[in-house]
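Colleague: Attaching a single structure in structure tokens format; questions to follow.
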Amino acid sequence: MQPSAVAPAAIRVAVMPQHEFDPPERFIAASVGPPGQRTFFLQVSGGGRRMSVSLEKEQVRILGERLADLLDQVAGFEGAPEAATGLTDNAPMDTPIEDDFRVQSLSLAWEPTRRRVVIEAHEADLPEEDDATLSPEELALIGSIRVVLTPAMARAFAQRCALAIEGGRPNCPFCGQPLDPGGHICPRANGYRR
């Protein structure tokens, strides 16, 4: 066996998420703060543990959209919007809200044998399998969570993602950019403030 063939396996083992919720008692996307200054979070709890991780609004939007697309493709009736009825969680985040880490990378997967959705959030971008820039010890220090959801729970979470990004600043009817309370410089108005 060649030594280079062993390195990728070591990386994969070391990259296993530090915190796993299979299944979680609660998993939501939410924001804190006034429109235009909101901080977005994923909050997961289960087994007497709770984690809150911050991320960008765009990451929440893309996660929700990709999750809905995945469910449409592989989950069938189990992941249909009707299956999420009764699982909708519109309650605010649990307090205190302490940011365990800032999400740099997200992954989404379908586990066909168990028919489950797997969402992982990592504090740092993970190296490619053939990239050995980080030692196994350094990889083990990267904050990570892994959440395993039934299709119905995943659909309810995707719906919550869509709600979390709503309620921000209204968009300019001319250029589509977010409006600040004092207006904004609109490119469609030749740089004049609206």
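Lettering and numbering for the structure tokens are positional, with chains as A, B, ... in the shown order, residues counted from 1 in each chain, and ligands counted from 1 in the shown order.
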Using only C-alpha atoms, determine which residues lie at most 12 Å from Ala84 of chain A, disregarding the query and same-chain residues fewer than 4 positions distant; provide the list as a ChimeraX atom specification.

Modeller: /A:68,71,77-80,88-89,149-160

Colleague: If DSSP is run on the backbone, what residues of segment 23-113 of chain A are strand (DSSP E)? A reply as an MDAnalysis selection string would be ideal.

Modeller: chainID A and resid 26:32 39:46 49:55 101:102 105:111

Colleague: What would the file look like if the residues just selected were written as a short mmCIF file (atom, residue, chain, number, x, y, z; two decimals), in the first residue's frame with N, CA and C atoms?

Modeller:
data_model
loop_
_atom_site.label_atom_id
_atom_site.label_comp_id
_atom_site.auth_asym_id
_atom_site.auth_seq_id
_atom_site.Cartn_x
_atom_site.Cartn_y
_atom_site.Cartn_z
N ARG A 26 -34.93 20.17 18.25
CA ARG A 26 -35.30 21.43 17.59
C ARG A 26 -34.16 21.87 16.70
N PHE A 27 -34.49 22.35 15.49
CA PHE A 27 -33.49 22.86 14.55
C PHE A 27 -34.15 23.99 13.77
N ILE A 28 -33.64 25.21 13.95
CA ILE A 28 -34.26 26.37 13.31
C ILE A 28 -33.22 27.31 12.72
N ALA A 29 -33.67 28.13 11.80
CA ALA A 29 -32.90 29.26 11.28
C ALA A 29 -33.64 30.50 11.74
N ALA A 30 -32.91 31.50 12.23
CA ALA A 30 -33.53 32.72 12.74
C ALA A 30 -32.54 33.86 12.64
N SER A 31 -33.04 35.07 12.90
CA SER A 31 -32.17 36.24 12.90
C SER A 31 -32.44 37.07 14.13
N VAL A 32 -31.43 37.86 14.50
CA VAL A 32 -31.51 38.74 15.66
C VAL A 32 -31.06 40.12 15.20
N THR A 39 -28.24 39.55 12.39
CA THR A 39 -27.29 38.45 12.42
C THR A 39 -28.10 37.18 12.31
N PHE A 40 -27.71 36.31 11.40
CA PHE A 40 -28.46 35.07 11.16
C PHE A 40 -27.80 33.91 11.89
N PHE A 41 -28.65 33.01 12.38
CA PHE A 41 -28.20 31.87 13.17
C PHE A 41 -28.90 30.60 12.73
N LEU A 42 -28.21 29.48 12.94
CA LEU A 42 -28.81 28.16 12.99
C LEU A 42 -28.72 27.74 14.44
N GLN A 43 -29.82 27.26 15.01
CA GLN A 43 -29.81 26.81 16.39
C GLN A 43 -30.37 25.40 16.43
N VAL A 44 -29.63 24.51 17.08
CA VAL A 44 -30.02 23.11 17.17
C VAL A 44 -29.92 22.68 18.63
N SER A 45 -30.87 21.85 19.05
CA SER A 45 -30.84 21.35 20.42
C SER A 45 -31.32 19.91 20.44
N GLY A 46 -30.84 19.19 21.44
CA GLY A 46 -31.22 17.80 21.62
C GLY A 46 -30.31 17.14 22.63
N ARG A 49 -28.29 19.35 25.04
CA ARG A 49 -27.29 20.25 24.46
C ARG A 49 -27.97 21.24 23.53
N ARG A 50 -27.35 22.41 23.39
CA ARG A 50 -27.84 23.40 22.43
C ARG A 50 -26.64 24.10 21.82
N MET A 51 -26.69 24.30 20.50
CA MET A 51 -25.64 25.03 19.80
C MET A 51 -26.28 26.07 18.91
N SER A 52 -25.65 27.24 18.84
CA SER A 52 -26.05 28.31 17.94
C SER A 52 -24.83 28.72 17.14
N VAL A 53 -24.98 28.72 15.83
CA VAL A 53 -23.89 29.13 14.96
C VAL A 53 -24.38 30.24 14.05
N SER A 54 -23.53 31.24 13.83
CA SER A 54 -23.91 32.37 12.98
C SER A 54 -23.47 32.11 11.55
N LEU A 55 -24.18 32.74 10.62
CA LEU A 55 -23.86 32.60 9.21
C LEU A 55 -24.46 33.77 8.45
N PHE A 101 -19.72 29.25 16.88
CA PHE A 101 -18.74 29.54 15.84
C PHE A 101 -19.44 30.16 14.64
N ARG A 102 -18.66 30.73 13.75
CA ARG A 102 -19.17 31.34 12.52
C ARG A 102 -19.03 30.32 11.40
N SER A 105 -18.53 26.89 5.92
CA SER A 105 -18.98 25.97 4.88
C SER A 105 -20.15 25.13 5.38
N LEU A 106 -21.05 24.85 4.47
CA LEU A 106 -22.22 24.02 4.74
C LEU A 106 -22.22 22.86 3.75
N SER A 107 -22.75 21.74 4.19
CA SER A 107 -22.94 20.63 3.25
C SER A 107 -24.32 20.03 3.49
N LEU A 108 -24.86 19.51 2.43
CA LEU A 108 -26.20 18.95 2.44
C LEU A 108 -26.14 17.61 1.73
N ALA A 109 -26.72 16.57 2.33
CA ALA A 109 -26.66 15.24 1.72
C ALA A 109 -27.93 14.46 2.02
N TRP A 110 -28.19 13.48 1.18
CA TRP A 110 -29.31 12.56 1.37
C TRP A 110 -28.72 11.20 1.71
N GLU A 111 -29.17 10.61 2.79
CA GLU A 111 -28.73 9.29 3.22
C GLU A 111 -29.80 8.29 2.79
#

Colleague: As a ChimeraX atom specification, list the residues of segment 50-171 of chain A assigned to helix (DSSP H, G or I) by DSSP on the backbone atoms of this structure.

Modeller: /A:57-74,76-79,81-84,136-140,151-165

Colleague: Closest to Pro24 of chain A among A:Ile119, A:Cys186, A:Asp69, A:Gly143, using only C-alpha atoms?

Modeller: A:Ile119

Colleague: State, in Å with one decimal place, the distance from atom CA of Cys161 of chain A to atom CA of Leu87 of chain A.

Modeller: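 Calculated distance between atom CA of Cys161 of chain A and atom CA of Leu87 of chain A is 13.8 Å.
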
Colleague: For atom CA of Pro170 of chain A and atom CA of Leu67 of chain A, quote the distance in Å rounded to one decimal.

Modeller: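 That distance, rounded to one decimal, is 25.3 Å.
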